[in-house]
Structure formats: C-alpha cells, structure tokens
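For reference, model18.txt is printed below; it contains compact mmCIF, C-alpha atoms.
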```txt
# COMPACT_ATOMS: atom_id res chain seq x y z
CA MET A 222 49.96 99.11 83.35
CA ILE A 223 52.50 96.84 81.70
CA ARG A 224 54.30 99.91 80.48
CA TYR A 225 54.70 101.27 83.99
CA LEU A 226 55.94 97.92 85.21
CA PHE A 227 58.47 97.88 82.42
CA LEU A 228 59.67 101.32 83.41
CA LEU A 229 59.99 100.19 87.00
CA VAL A 230 62.13 97.24 85.95
CA LEU A 231 64.35 99.57 83.95
CA VAL A 232 64.87 101.85 86.91
CA LEU A 233 65.48 99.04 89.39
CA PRO A 234 69.23 98.57 88.77
CA PHE A 235 69.91 102.20 89.56
CA THR A 236 68.19 102.02 92.91
CA VAL A 237 70.24 98.96 93.88
CA GLN A 238 73.48 100.66 92.89
CA ALA A 239 72.65 103.75 94.88
CA ASN A 240 72.27 101.61 97.97
CA SER A 241 75.73 100.12 97.66
CA ILE A 242 77.48 103.31 98.72
CA GLU A 243 77.58 103.89 102.43
CA VAL A 244 76.79 107.27 103.88
CA TYR A 245 79.84 108.86 105.44
CA THR A 246 80.01 112.24 107.07
CA PHE A 247 83.07 114.40 106.57
CA ASP A 248 84.49 117.34 108.49
CA ASN A 249 84.54 119.52 105.40
CA LYS A 250 83.85 119.62 101.68
CA GLU A 251 87.56 119.19 100.90
CA GLN A 252 87.65 115.79 102.63
CA GLU A 253 84.55 114.65 100.84
CA LYS A 254 86.05 115.62 97.49
CA GLN A 255 89.25 113.75 98.36
CA TYR A 256 87.25 110.68 99.33
CA HIS A 257 85.34 110.59 96.06
CA SER A 258 88.36 111.17 93.88
CA LEU A 259 90.23 108.39 95.73
CA ILE A 260 87.54 105.74 95.55
CA GLU A 261 87.03 106.50 91.88
CA ASP A 262 90.72 106.00 91.20
CA LEU A 263 91.25 102.82 93.20
CA ARG A 264 90.63 99.51 91.52
CA CYS A 265 88.49 96.84 93.08
CA LEU A 266 90.90 93.90 93.49
CA VAL A 267 88.19 91.28 93.38
CA CYS A 268 86.31 92.42 90.30
CA GLN A 269 89.24 94.27 88.65
CA ASN A 270 87.19 96.03 86.00
CA GLN A 271 85.49 98.32 88.46
CA ASN A 272 86.74 100.98 90.77
CA ILE A 273 85.94 100.65 94.43
CA ALA A 274 83.34 103.41 94.15
CA GLU A 275 81.19 101.28 91.87
CA SER A 276 81.82 97.85 93.29
CA ASN A 277 79.52 95.96 95.60
CA ALA A 278 82.25 93.52 96.58
CA GLU A 279 82.88 93.16 100.29
CA LEU A 280 86.55 93.98 99.92
CA ALA A 281 85.70 97.16 97.99
CA LYS A 282 83.36 98.14 100.78
CA ASP A 283 86.11 97.66 103.33
CA MET A 284 88.58 99.57 101.17
CA ARG A 285 86.13 102.46 101.03
CA ARG A 286 85.89 102.35 104.81
CA LYS A 287 89.68 102.28 105.11
CA THR A 288 89.94 105.26 102.74
CA TYR A 289 87.34 107.10 104.80
CA GLU A 290 89.15 106.39 108.07
CA MET A 291 92.46 107.58 106.67
CA ILE A 292 90.90 110.80 105.40
CA LYS A 293 89.33 111.39 108.79
CA GLN A 294 92.78 110.95 110.33
CA GLY A 295 93.87 113.81 108.13
CA GLN A 296 96.04 111.87 105.69
CA SER A 297 96.58 113.35 102.26
CA GLU A 298 95.43 111.86 98.99
CA THR A 299 98.97 110.85 98.01
CA GLU A 300 99.57 109.25 101.41
CA ILE A 301 96.44 107.15 101.03
CA SER A 302 97.17 106.03 97.49
CA GLU A 303 100.75 105.24 98.55
CA TYR A 304 99.35 103.12 101.37
CA MET A 305 97.24 101.17 98.88
CA VAL A 306 100.12 100.85 96.37
CA THR A 307 102.50 99.35 98.98
CA ARG A 308 99.84 96.72 99.65
CA TYR A 309 98.39 96.01 96.24
CA GLY A 310 100.97 97.42 93.82
CA ASP A 311 100.53 99.95 91.01
CA PHE A 312 97.76 97.69 89.84
CA VAL A 313 95.39 99.16 92.39
CA LEU A 314 95.54 102.54 90.65
CA TYR A 315 93.35 103.13 87.65
CA ARG A 316 95.87 105.69 86.46
CA PRO A 317 99.16 103.88 86.96
CA PRO A 318 102.22 106.08 87.52
CA PHE A 319 104.74 106.55 84.74
CA ASN A 320 107.82 104.42 85.46
CA PRO A 321 110.15 101.93 83.70
CA MET A 322 107.57 99.19 84.29
CA THR A 323 104.65 101.06 82.82
CA TRP A 324 106.03 103.17 79.95
CA LEU A 325 104.93 100.62 77.37
CA LEU A 326 101.45 100.73 78.83
CA TRP A 327 101.31 104.47 78.35
CA PHE A 328 102.99 104.75 74.97
CA GLY A 329 102.06 101.37 73.52
CA PRO A 330 98.89 102.57 71.76
CA VAL A 331 100.70 105.60 70.32
CA LEU A 332 103.55 103.40 69.09
CA VAL A 333 101.15 100.98 67.44
CA PHE A 334 99.39 103.90 65.76
CA VAL A 335 102.64 105.40 64.47
CA PHE A 336 103.79 102.05 63.07
CA GLY A 337 100.40 101.61 61.45
CA VAL A 338 100.58 105.00 59.76
CA ILE A 339 104.12 104.32 58.51
CA TYR A 340 103.04 100.94 57.15
CA VAL A 341 100.01 102.36 55.34
CA ILE A 342 102.08 105.17 53.78
CA ARG A 343 104.68 102.67 52.56
CA LEU A 344 101.99 100.39 51.22
CA MET A 345 100.36 103.24 49.29
CA LYS A 346 103.72 104.31 47.84
CA SER A 347 104.69 100.82 46.71
CA GLN A 348 101.27 100.28 45.15
CA SER A 349 101.46 103.46 43.11
CA ALA A 350 104.91 102.36 41.96
CA GLU A 351 103.63 98.93 40.94
CA SER A 352 100.76 100.34 38.92
CA GLN A 353 103.30 101.53 36.36
CA PRO A 354 104.11 99.15 33.47
CA ALA A 355 104.45 95.59 34.72
CA GLY A 356 107.81 95.10 36.40
CA LEU A 357 109.81 92.53 34.56
CA ASN A 358 113.11 91.44 35.96
CA GLU A 359 116.29 91.36 33.96
CA GLU A 360 116.02 87.66 33.36
CA GLU A 361 112.57 88.06 31.82
CA ILE A 362 113.70 90.95 29.65
CA GLU A 363 116.58 88.78 28.49
CA ARG A 364 114.16 85.98 27.54
CA ILE A 365 111.98 88.35 25.58
CA LYS A 366 114.99 89.61 23.73
CA ASN A 367 116.05 86.06 22.94
CA LEU A 368 112.57 85.18 21.67
CA HIS A 369 112.53 88.19 19.43
CA ALA A 370 115.97 87.29 18.16
CA GLU A 371 114.83 83.73 17.42
CA GLN A 372 111.81 84.99 15.53
CA ASP A 373 113.98 87.39 13.56
CA LYS A 374 116.20 84.47 12.49
CA LYS A 375 113.26 82.61 10.95
CA MET B 173 110.70 78.22 37.21
CA SER B 174 111.40 76.47 40.49
CA GLU B 175 112.74 79.42 42.48
CA ILE B 176 110.34 81.73 44.34
CA LYS B 177 110.25 85.26 43.08
CA PRO B 178 110.71 87.96 45.72
CA SER B 179 107.42 89.53 44.60
CA LYS B 180 105.59 86.31 45.42
CA LEU B 181 107.21 86.16 48.84
CA ARG B 182 106.07 89.68 49.49
CA ARG B 183 102.48 88.66 48.95
CA PHE B 184 102.81 86.34 51.92
CA THR B 185 104.22 88.90 54.36
CA PRO B 186 100.83 89.96 55.79
CA PHE B 187 100.02 86.31 56.37
CA ILE B 188 103.38 85.69 58.03
CA ILE B 189 102.91 88.75 60.23
CA PHE B 190 99.46 87.49 61.14
CA LEU B 191 100.86 84.10 62.09
CA LEU B 192 103.57 85.71 64.24
CA VAL B 193 101.10 87.93 66.08
CA ALA B 194 98.65 85.08 66.54
CA SER B 195 101.29 82.75 67.97
CA LEU B 196 102.56 85.50 70.28
CA LEU B 197 99.00 86.01 71.52
CA LEU B 198 98.50 82.30 72.03
CA TYR B 199 101.79 82.09 73.91
CA MET B 200 100.78 84.97 76.17
CA MET B 201 97.39 83.45 76.84
CA THR B 202 98.88 80.14 77.93
CA LEU B 203 101.28 82.01 80.22
CA MET B 204 98.38 83.97 81.68
CA THR B 205 96.38 80.89 82.58
CA GLN B 206 99.22 79.35 84.49
CA GLY B 207 101.10 80.91 87.33
CA ASP B 208 103.24 83.99 87.23
CA TYR B 209 101.59 85.94 84.43
CA ASN B 210 98.04 85.46 85.67
CA PRO B 211 96.47 88.94 85.57
CA ARG B 212 94.40 88.07 88.62
CA ASP B 213 97.57 87.40 90.54
CA ILE B 214 98.58 90.66 92.16
CA PRO B 215 102.16 90.54 93.39
CA THR B 216 102.66 91.50 97.01
CA GLU B 217 105.04 94.34 97.68
CA PHE B 218 105.86 92.88 101.08
CA ILE B 219 108.29 90.10 100.12
CA GLY B 220 111.55 90.85 101.90
CA LYS B 221 109.93 93.57 103.96
CA LYS B 222 108.60 93.72 107.47
CA ALA B 223 104.92 92.99 107.52
CA PRO B 224 102.60 95.43 109.29
CA ASP B 225 101.65 94.32 112.80
CA PHE B 226 98.11 93.29 113.52
CA SER B 227 96.34 92.76 116.78
CA LEU B 228 92.93 91.15 116.56
CA PRO B 229 90.60 89.22 118.85
CA ASP B 230 90.99 85.45 118.96
CA LEU B 231 88.17 83.61 117.22
CA ILE B 232 87.88 80.89 119.84
CA ASN B 233 88.58 83.04 122.92
CA PRO B 234 87.47 86.57 121.99
CA GLU B 235 88.85 88.07 125.20
CA GLN B 236 92.37 87.15 124.06
CA THR B 237 94.19 88.94 121.26
CA VAL B 238 96.23 87.45 118.45
CA SER B 239 99.12 89.69 117.50
CA SER B 240 101.78 89.27 114.86
CA ALA B 241 104.32 91.06 117.05
CA ALA B 242 104.06 88.22 119.60
CA MET B 243 105.31 85.81 116.92
CA LYS B 244 108.75 87.39 116.80
CA GLY B 245 111.52 84.82 116.98
CA GLN B 246 109.42 82.17 115.24
CA VAL B 247 108.96 81.14 111.63
CA TRP B 248 105.26 80.93 110.94
CA LEU B 249 102.58 80.89 108.29
CA LEU B 250 99.68 83.27 108.13
CA ASN B 251 96.74 81.62 106.40
CA VAL B 252 93.76 83.74 105.36
CA TRP B 253 90.58 81.67 105.31
CA ALA B 254 86.82 81.98 105.58
CA THR B 255 83.81 79.70 105.61
CA TRP B 256 82.47 81.33 102.43
CA CYS B 257 85.64 80.39 100.58
CA ARG B 258 85.21 76.98 98.99
CA GLU B 259 88.89 76.52 98.27
CA CYS B 260 89.58 76.95 101.99
CA TRP B 261 87.49 73.90 102.79
CA ARG B 262 89.51 71.94 100.28
CA GLU B 263 92.79 73.31 101.61
CA HIS B 264 92.00 72.57 105.24
CA GLU B 265 93.13 68.96 105.19
CA TYR B 266 96.53 69.96 103.87
CA LEU B 267 96.92 72.61 106.57
CA LEU B 268 96.22 69.94 109.18
CA ALA B 269 98.92 67.77 107.62
CA LEU B 270 101.39 70.69 107.65
CA ALA B 271 100.72 71.44 111.30
CA GLU B 272 100.78 67.83 112.48
CA GLN B 273 103.38 66.12 110.31
CA ARG B 274 105.77 68.98 109.63
CA SER B 275 105.02 70.87 112.87
CA ILE B 276 104.65 74.17 111.04
CA THR B 277 103.16 76.98 113.13
CA ILE B 278 100.14 78.39 111.34
CA ILE B 279 98.20 81.43 112.46
CA GLY B 280 94.76 81.61 110.93
CA LEU B 281 93.27 84.88 109.79
CA ASN B 282 89.54 84.44 109.60
CA TRP B 283 88.22 86.99 107.14
CA ARG B 284 84.76 88.56 106.93
CA ASP B 285 83.02 85.69 108.60
CA GLU B 286 80.35 84.92 111.16
CA SER B 287 82.27 83.80 114.22
CA SER B 288 79.74 81.03 114.90
CA GLU B 289 80.08 79.67 111.35
CA ALA B 290 83.86 79.83 111.52
CA LYS B 291 83.93 78.00 114.84
CA LYS B 292 81.62 75.36 113.43
CA MET B 293 83.97 74.75 110.50
CA ILE B 294 86.95 74.34 112.83
CA ALA B 295 84.99 71.99 115.09
CA GLN B 296 83.96 69.95 112.07
CA LEU B 297 87.27 69.74 110.21
CA GLY B 298 89.83 70.04 113.01
CA ASN B 299 92.10 72.94 113.95
CA PRO B 300 95.45 73.31 112.18
CA PHE B 301 96.00 76.79 113.65
CA SER B 302 97.88 77.63 116.80
CA GLN B 303 95.74 80.77 117.01
CA ILE B 304 93.00 82.25 114.85
CA ALA B 305 92.67 86.01 114.46
CA PHE B 306 89.12 87.17 113.80
CA ASP B 307 88.93 89.92 111.15
CA PRO B 308 85.32 90.64 110.16
CA ASN B 309 86.12 94.15 108.87
CA SER B 310 89.18 93.33 106.73
CA GLU B 311 91.47 95.37 108.99
CA ALA B 312 94.54 93.13 108.86
CA VAL B 313 93.45 91.88 105.45
CA ILE B 314 93.81 95.29 103.79
CA ASP B 315 96.90 96.06 105.86
CA TRP B 316 98.55 92.92 104.50
CA GLY B 317 97.41 93.49 100.92
CA VAL B 318 95.20 90.41 100.85
CA TYR B 319 92.54 90.37 98.14
CA GLY B 320 91.28 86.82 98.15
CA ALA B 321 91.14 83.66 100.19
CA PRO B 322 92.88 81.37 100.70
CA GLU B 323 96.16 83.23 100.83
CA THR B 324 99.25 82.19 102.74
CA PHE B 325 102.28 84.17 103.93
CA LEU B 326 105.56 82.84 105.26
CA ILE B 327 107.05 85.07 107.96
CA ASP B 328 110.51 84.66 109.45
CA GLU B 329 111.89 85.30 112.96
CA GLN B 330 112.38 89.01 112.29
CA GLY B 331 108.81 89.43 111.10
CA ILE B 332 109.87 89.73 107.45
CA VAL B 333 107.56 88.25 104.83
CA ARG B 334 109.50 85.61 102.88
CA GLU B 335 106.87 84.16 100.62
CA LYS B 336 103.25 84.56 99.66
CA TYR B 337 100.91 82.28 97.82
CA LYS B 338 97.42 83.01 96.61
CA GLY B 339 95.28 79.92 96.34
CA ALA B 340 94.95 76.65 98.16
CA LEU B 341 98.12 75.05 99.49
CA ASN B 342 98.91 71.49 98.50
CA GLU B 343 102.01 69.35 98.36
CA ALA B 344 103.08 70.63 94.93
CA VAL B 345 102.75 74.28 95.96
CA TRP B 346 104.51 73.60 99.24
CA GLN B 347 107.45 71.95 97.50
CA ALA B 348 107.71 74.72 94.91
CA LYS B 349 107.20 77.83 97.03
CA PHE B 350 107.67 77.14 100.72
CA ALA B 351 109.87 74.07 101.20
CA PRO B 352 113.00 75.71 99.66
CA TYR B 353 113.01 78.25 102.49
CA PHE B 354 113.07 75.54 105.15
CA THR B 355 115.68 73.36 103.40
CA GLY B 356 117.81 76.46 102.80
CA ARG B 357 117.87 77.17 106.52
CA ARG B 358 118.94 73.69 107.53
CA GLN B 359 122.17 73.83 105.51
```
This structure in structure tokens:
Amino acid sequence: MIRYLFLLVLVLPFTVQANSIEVYTFDNKEQEKQYHSLIEDLRCLVCQNQNIAESNAELAKDMRRKTYEMIKQGQSETEISEYMVTRYGDFVLYRPPFNPMTWLLWFGPVLVFVFGVIYVIRLMKSQSAESQPAGLNEEEIERIKNLHAEQDKK
Amino acid sequence: MSEIKPSKLRRFTPFIIFLLVASLLLYMMTLMTQGDYNPRDIPTEFIGKKAPDFSLPDLINPEQTVSSAAMKGQVWLLNVWATWCRECWREHEYLLALAEQRSITIIGLNWRDESSEAKKMIAQLGNPFSQIAFDPNSEAVIDWGVYGAPETFLIDEQGIVREKYKGALNEAVWQAKFAPYFTGRRQ
C-alpha cells in the first residue's frame, strides 16, 4: 500500500505540469509545429531559466496565448520572434542571434578551452625542461667556482 | 639573498591569476546586484521609439476606453501596477505625491487583476491616475515589453518612450531617471 502511495507521489509532479499547457487548436499541423518550436525557444521573463513552454508563470501563459494568436493570424516564425525581440530584447531568445553584442557569448567557451589547452601544453613543456639537472644561474655557478678555488688554495 | 629570484615569482603566478579572477568576479557580482548590470533587468528596446498604441477598457468606468493615442500632445507616465504586486502598494504613496505636488499625468495600467480588488485598492489608498486601463490578459503589457510590476514609462508629446524604470518609484529614482527630462525641457 505504502509503495503504491509512494509511486503516486512520484508521478504527481508530471500530472501538474501537463495541466499547465493550454489546449489550442490549429488550422494545420504546420502551425502546431511552429507554435511548439516558438514556445520552446522563447524565454520566460519572470523565471528566466525556463522557456515559456515549461513555465507556469502568468506572463508565460499570456505569451503563449500571444504566440498562438499571431500564428493564427498567419504570421511567420521569424515575424513572431522579431515581435518578441523588439519588446524584450535578444534576451527573450534561448538561442540568441550572432551579432557584435553576443559573439563573446558564442565563442567564449571555445576561447577559454583553447587558452586552457595552450596553458597546459606550455606547463608540460616547462616541467620537462626543469626536470633536467637543477638550473643554477650564472651567479650561483660563479659562487661554486669561487668556493672550489678557495678550497684549492688551502 | 634579499632579491626575489624569478623562479620563485613564477611559483606565485597561479595564485596571482586566481586573485585577479576572483576580484573580477567579485566586481561583477557587486555590479549585478545594483542597477544597470542586474541580469533580471531586461532593457527595453522602446527608448527613443514610438510606443505601440493600446486601447483598453477603463477600470473604473468599463464602458469607456483608455487609449494611448488619445494622450498625444501630452507628456505622461504609464505605470504598470497590480494588487498582487507588493511593491506597488509601497509605491502608491509616491505616485500620489507625483500627481498632486508635481502635477504629473499618470495613466495606470492594471495588470492581470480582479477588477473588484483593484478598485478596492484605489478606494483605500487614493487615486493618483488620471485614467486606469484594465489589462487582465496582458495585451498591452506584452505589447509594451513589460515583464514585471511596478514598471513605469515616460512618454512625450509625440508618443515616443523617453524613459523606463522597473521597480517602485521613489524620490531618488525620480531625481536620477525622470527629473532630468523635465528640467531639460524647461531650459
């Protein structure tokens, strides 16, 4: 009995989430596909780490409705995401466009990786160089020579 | 020997790099918590542009409409508020002061609210708004790129958005963000 209850509790979150998405009817499959790809790519402004497809926030709900209405009016996917970008900026897109503002965002991780690799290679090289006979500088060599000379005098 | 050998200095480079990165991070975090670099602060794309027109029923007299186009020729504020927004309750007193003492025209945009609740709040706290547009379905809200309440826009005679502030207005915010526009016009 307890086991079944436990299972029920585990399943509960999924049922709630399923309820959060409204049922919309579309003229054709193409529109429905557009709708889903749009709401999955638009960020929920209130929660920020969710897209509007997943979010229960009221604003996300209204943005879904707005997206639906615009699709029904026959607007294209780019027109709708442009509409959202003029209002909420590139930020509203989960896949921000590539432009002077965002290039670092796109290439940043690659740059960090490349620098890391270069650093590690240099580190390995310098370490293998250091493992050869202890590096004495000229001054130290000079001192050793002097000490030897002193000893020789005695 | 009193001088530091270059090999010794080299041993400290990772530590120095760590300190640099850590202080950069700390610097960024302090910037993020205050003002312009706040990640939750989404810049509006409308500053300097004509704001989209809205036409919504009036909260108090639902048979009348409140439209932004009718405000042409006036400088006005659009204040997004709701009864569920705690900051709006706190901000209300300052809005009253703006309307009464500085005779600023403020249009309210009541967002996602019960009209009865909203009317109750106005009756209780006083009405700083010359008109209140009722927007239960976020129509004007999405059209204006609003994502939270309170939020305030400054619109000029041509219907161009001059300023936007997200958060509750107070004297400090007014002096920093909105007052310069009005003093600039008087000169």
Handout entry: For region 309-324 of chain A: contacts at 10 Å, only C-alpha atoms, fewer than 6 positions along chain excluded, given as a list in words
Key = Leu259, Ile260, Glu261, Asp262, Leu263, Arg264, Cys265, Leu266, Gln269, Asn270, Gln271, Asn272, Ile273, Ser302 and Glu303 of chain A; Pro211, Ile214, Pro215, Thr216, Glu217, Phe218, Ile314, Asp315, Trp316, Gly317, Val318 and Tyr319 of chain B
Exercise for the section: Kindly provide, as an MDAnalysis selection string, the residues of chain A having any atom no farther than 12 Å from an atom of chain B, counting all atoms listed in the file. Expected result: chainID A and resid 264:270 278:288 290 303:313 340 344 347 351 355:358 360:361
Practice task
Would you list the contacts of region 223-231 of chain B as number ranges by chain, taking every protein, DNA or RNA residue within 9 Å and counting all atoms listed in the file, but skipping same-chain residues closer than 5 positions in sequence?
Solution key: B: 218, 236-241, 282, 287, 290-291, 303-307, 311-312, 315-316, 327, 331-333
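Rounded to one decimal, CA of Leu192 (chain B) and CA of Thr205 (chain B) lie 20.3 Å from each other.
Here CA of Gln246 (chain B) is placed at a distance of 6.4 Å from CA of Asp328 (chain B).
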Exercise for the section: Can you work out the spacing between CA of Glu343 (chain B) and CA of Ala269 (chain B) in Å, to one decimal? Expected result: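 Separating CA of Glu343 (chain B) from CA of Ala269 (chain B) is a distance of 9.9 Å.
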Size and centre in Å, one decimal, axis-aligned box, all listed region 294-309 of chain B atoms plus 5 Å per side, as AutoDock Vina command-line options:
```
--center_x 90.9 --center_y 81.9 --center_z 112.9 --size_x 23.9 --size_y 34.4 --size_z 18.1
```
Residues near Glu289 (chain B), cut-off 10 Å, all atoms listed in the file, skip fewer than 3 positions along chain, as a tab-separated table (two decimals) with C-alpha atoms, in the coordinates of the input:
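Saved the output as result-v6.tsv:
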```tsv
chain	number	residue	atom	x	y	z
B	254	ALA	CA	86.82	81.98	105.58
B	255	THR	CA	83.81	79.70	105.61
B	256	TRP	CA	82.47	81.33	102.43
B	285	ASP	CA	83.02	85.69	108.60
B	286	GLU	CA	80.35	84.92	111.16
B	292	LYS	CA	81.62	75.36	113.43
B	293	MET	CA	83.97	74.75	110.50
B	294	ILE	CA	86.95	74.34	112.83
B	295	ALA	CA	84.99	71.99	115.09
```
Exercise for the section: Write out as a list in words which residues come within 10 Å of Asn299 (chain B) when counting all atoms listed in the file, dropping same-chain ones fewer than 6 positions away. Expected result: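 Counting only the stated atoms, we get His264, Glu265, Leu267, Leu268, Ala271, Gly280, Lys291 and Met293 of chain B.
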Practice task
Return the single residue from B:Trp261, B:Phe301, B:Trp248, B:Trp253 that is closest to Glu329 (chain B), with distances computed using all atoms listed in the file.
Solution key: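 Using all atoms listed in the file, Glu329 (chain B) sits closest to B:Trp248.
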Completion exercise
Judged by all atoms listed in the file, the minimum distance to Ser297 (chain A) among A:Arg224, A:Asp373, A:Val335, A:Lys254 is found for A:Lys254
